[in-house]
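Participant: Handing you this structure, nothing more for now.
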Amino acid sequence: MRKIIAFAALCAVSIALPDAARAQEVFGGVYAHAVDTPFTLETTEGGSVDIAAGVRFGGIEALSFIGSPEPYILGSLNTSGDTSFAGVGVAWTIGNGPVYVRPGIGIVVHDGPEFRVNEASGFRTDLGSRVLFEPEIGVGYRVSERTSVEAHWMHISQGQIFDGQQNPGIDMIGMRVNLKL
């Protein structure tokens, strides 16, 4: 009986929530993990695959002066046991036609090692903080009214804010599919 009451309460709350608090879209993608770019240094990770998934919510109208960013929740699992992460952020969808750009910024918590040194170079290759920034950008194409695909880049890094001595960061590049609910 408690489960029925809890389920009914959840349904009632979800109906009463404003659009910004309801999931508008789900997304998932496959990424190359620890891709070398100008934004990263050697982390001793790489050559593996990440599976990422998330939920995007409606735009925040109270922030319309900066384009009504869309909040999201994201999780990324590395298939080889390297760094995985989960977090939250906001993104902006720019473009109403079939092609669009979606930049975003988030904060994630990761499970990578707290301390790691590259034995060959002697450099620290850990990420310097358990909490990291997650800038991202996608270039997408709307396949249908409900479905779009994106070439997508995500970066996780602490930007030398939490540890000024090092900041290797990790870049992931891949493809994402988005489905409007």
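Residue numbers start at 1 in each chain; chains themselves are named A, B, ... in the order of the structure tokens; ligands are numbered from 1 in the order shown.
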Could you list, as a list of chain:residue names, every residue within 9 Å of Glu114 in chain A, counting only C-alpha atoms and ignoring same-chain residues fewer than 5 positions away?
Facilitator: A:Asp126, A:Leu127, A:Gly128, A:Ser129, A:Arg130
Participant: Can you write out the residues you just picked, keeping N, CA and C atoms, as a short mmCIF file (atom, residue, chain, number, x, y, z; two decimals), in the first residue's frame?
Facilitator:
data_model
loop_
_atom_site.label_atom_id
_atom_site.label_comp_id
_atom_site.auth_asym_id
_atom_site.auth_seq_id
_atom_site.Cartn_x
_atom_site.Cartn_y
_atom_site.Cartn_z
N ASP A 126 47.01 12.62 -11.92
CA ASP A 126 45.66 12.61 -11.35
C ASP A 126 44.99 13.94 -11.69
N LEU A 127 43.71 14.05 -11.44
CA LEU A 127 42.95 15.22 -11.87
C LEU A 127 42.95 16.36 -10.86
N GLY A 128 43.55 16.17 -9.68
CA GLY A 128 43.77 17.27 -8.75
C GLY A 128 42.62 17.61 -7.83
N SER A 129 41.45 17.09 -8.09
CA SER A 129 40.28 17.36 -7.25
C SER A 129 39.21 16.33 -7.57
N ARG A 130 38.42 15.98 -6.58
CA ARG A 130 37.31 15.05 -6.80
C ARG A 130 36.18 15.73 -7.58
#
Participant: Quick one: residues within 6 Å of range 78-91 of chain A, only C-alpha atoms counted, chain neighbours fewer than 5 positions away excluded, as a VMD selection string?
Facilitator: chain A and resid 49 to 50 69 to 73 103 to 112
Participant: Which of range 18-155 of chain A end up as strand (DSSP E or B) when DSSP is run on this backbone - answer as a PyMOL selection string?
Facilitator: chain A and resi 23-33+48-57+70-78+85-91+94+99-110+117+124+131-142+147-155
Participant: Those same residues - C-alpha atoms - I'd like them written as a compact mmCIF listing (two decimals), in the first residue's frame.
Facilitator:
# COMPACT_ATOMS: atom_id res chain seq x y z
CA ALA A 23 12.53 16.07 -18.11
CA GLN A 24 12.20 17.29 -21.69
CA GLU A 25 14.80 15.07 -23.32
CA VAL A 26 16.91 11.99 -22.69
CA PHE A 27 20.28 11.50 -24.33
CA GLY A 28 22.94 8.87 -24.64
CA GLY A 29 26.23 8.52 -26.43
CA VAL A 30 29.45 6.64 -27.02
CA TYR A 31 32.76 8.46 -26.62
CA ALA A 32 36.48 7.90 -27.13
CA HIS A 33 38.00 8.37 -23.65
CA SER A 48 38.98 3.08 -24.03
CA VAL A 49 35.29 3.90 -24.47
CA ASP A 50 32.82 5.84 -22.35
CA ILE A 51 29.06 5.30 -22.34
CA ALA A 52 27.26 8.50 -21.31
CA ALA A 53 23.58 9.14 -20.63
CA GLY A 54 21.53 11.92 -19.18
CA VAL A 55 18.34 13.90 -18.89
CA ARG A 56 17.80 17.47 -20.03
CA PHE A 57 15.10 19.72 -18.57
CA GLU A 70 18.50 24.02 -20.06
CA PRO A 71 19.63 22.13 -16.91
CA TYR A 72 20.89 18.58 -17.34
CA ILE A 73 21.95 15.58 -15.29
CA LEU A 74 24.74 13.47 -16.79
CA GLY A 75 26.55 10.22 -16.04
CA SER A 76 29.51 8.73 -17.91
CA LEU A 77 30.82 5.19 -17.37
CA ASN A 78 34.24 4.16 -18.64
CA PHE A 85 31.84 10.66 -13.54
CA ALA A 86 28.38 12.10 -12.83
CA GLY A 87 27.18 15.65 -12.53
CA VAL A 88 24.85 18.49 -13.38
CA GLY A 89 25.04 21.51 -15.64
CA VAL A 90 23.29 23.87 -18.02
CA ALA A 91 23.34 24.01 -21.82
CA ILE A 94 21.48 27.67 -30.49
CA VAL A 99 21.51 22.15 -37.61
CA TYR A 100 22.25 23.55 -34.16
CA VAL A 101 25.06 24.08 -31.67
CA ARG A 102 24.70 23.21 -27.98
CA PRO A 103 27.41 24.57 -25.63
CA GLY A 104 27.21 23.76 -21.94
CA ILE A 105 29.00 23.92 -18.62
CA GLY A 106 28.64 21.62 -15.64
CA ILE A 107 30.17 20.33 -12.44
CA VAL A 108 30.96 16.64 -12.01
CA VAL A 109 32.27 14.27 -9.36
CA HIS A 110 34.61 11.52 -10.62
CA VAL A 117 52.24 9.67 -11.21
CA ARG A 124 51.42 13.83 -11.60
CA VAL A 131 35.03 17.85 -8.13
CA LEU A 132 35.68 19.07 -11.68
CA PHE A 133 34.29 21.49 -14.25
CA GLU A 134 32.68 19.94 -17.33
CA PRO A 135 32.55 22.25 -20.36
CA GLU A 136 31.02 20.63 -23.43
CA ILE A 137 29.84 21.43 -26.92
CA GLY A 138 27.78 19.53 -29.46
CA VAL A 139 27.02 20.18 -33.11
CA GLY A 140 23.73 18.52 -33.90
CA TYR A 141 21.29 17.66 -36.64
CA ARG A 142 17.55 17.27 -36.05
CA THR A 147 15.21 12.92 -32.48
CA SER A 148 18.57 14.56 -33.05
CA VAL A 149 22.17 13.37 -33.29
CA GLU A 150 25.28 15.26 -32.21
CA ALA A 151 29.01 15.16 -32.67
CA HIS A 152 29.94 15.93 -29.08
CA TRP A 153 32.97 16.92 -26.98
CA MET A 154 33.17 16.84 -23.16
CA HIS A 155 36.11 17.91 -21.03
Participant: When you count only C-alpha atoms, which of these residues is closest to Thr93 in chain A: A:Ser68, A:Ser157, A:Asn178, A:Ser121?
Facilitator: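 Ranking A:Ser68, A:Ser157, A:Asn178, A:Ser121 by distance to Thr93 in chain A, first place goes to A:Ser68.
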Participant: Using only C-alpha atoms, find the one residue out of A:Pro38, A:Trp92, A:Pro98, A:Pro168 that sits nearest to Leu63 in chain A.
Facilitator: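 Smallest distance to Leu63 in chain A is found for A:Trp92.
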Participant: From the set A:Glu119, A:Gly169, A:Leu181, A:Met175, which residue has the shortest atom-to-atom contact distance to Thr37 in chain A, counting only C-alpha atoms?
Facilitator: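 Among A:Glu119, A:Gly169, A:Leu181, A:Met175, it is A:Gly169 that comes nearest to Thr37 in chain A.
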Participant: From a DSSP pass on the backbone, collect the residues of range 56-144 of chain A flagged as helix (DSSP H, G or I) and hand them back as a PyMOL selection string.
Facilitator: chain A and resi 61-66
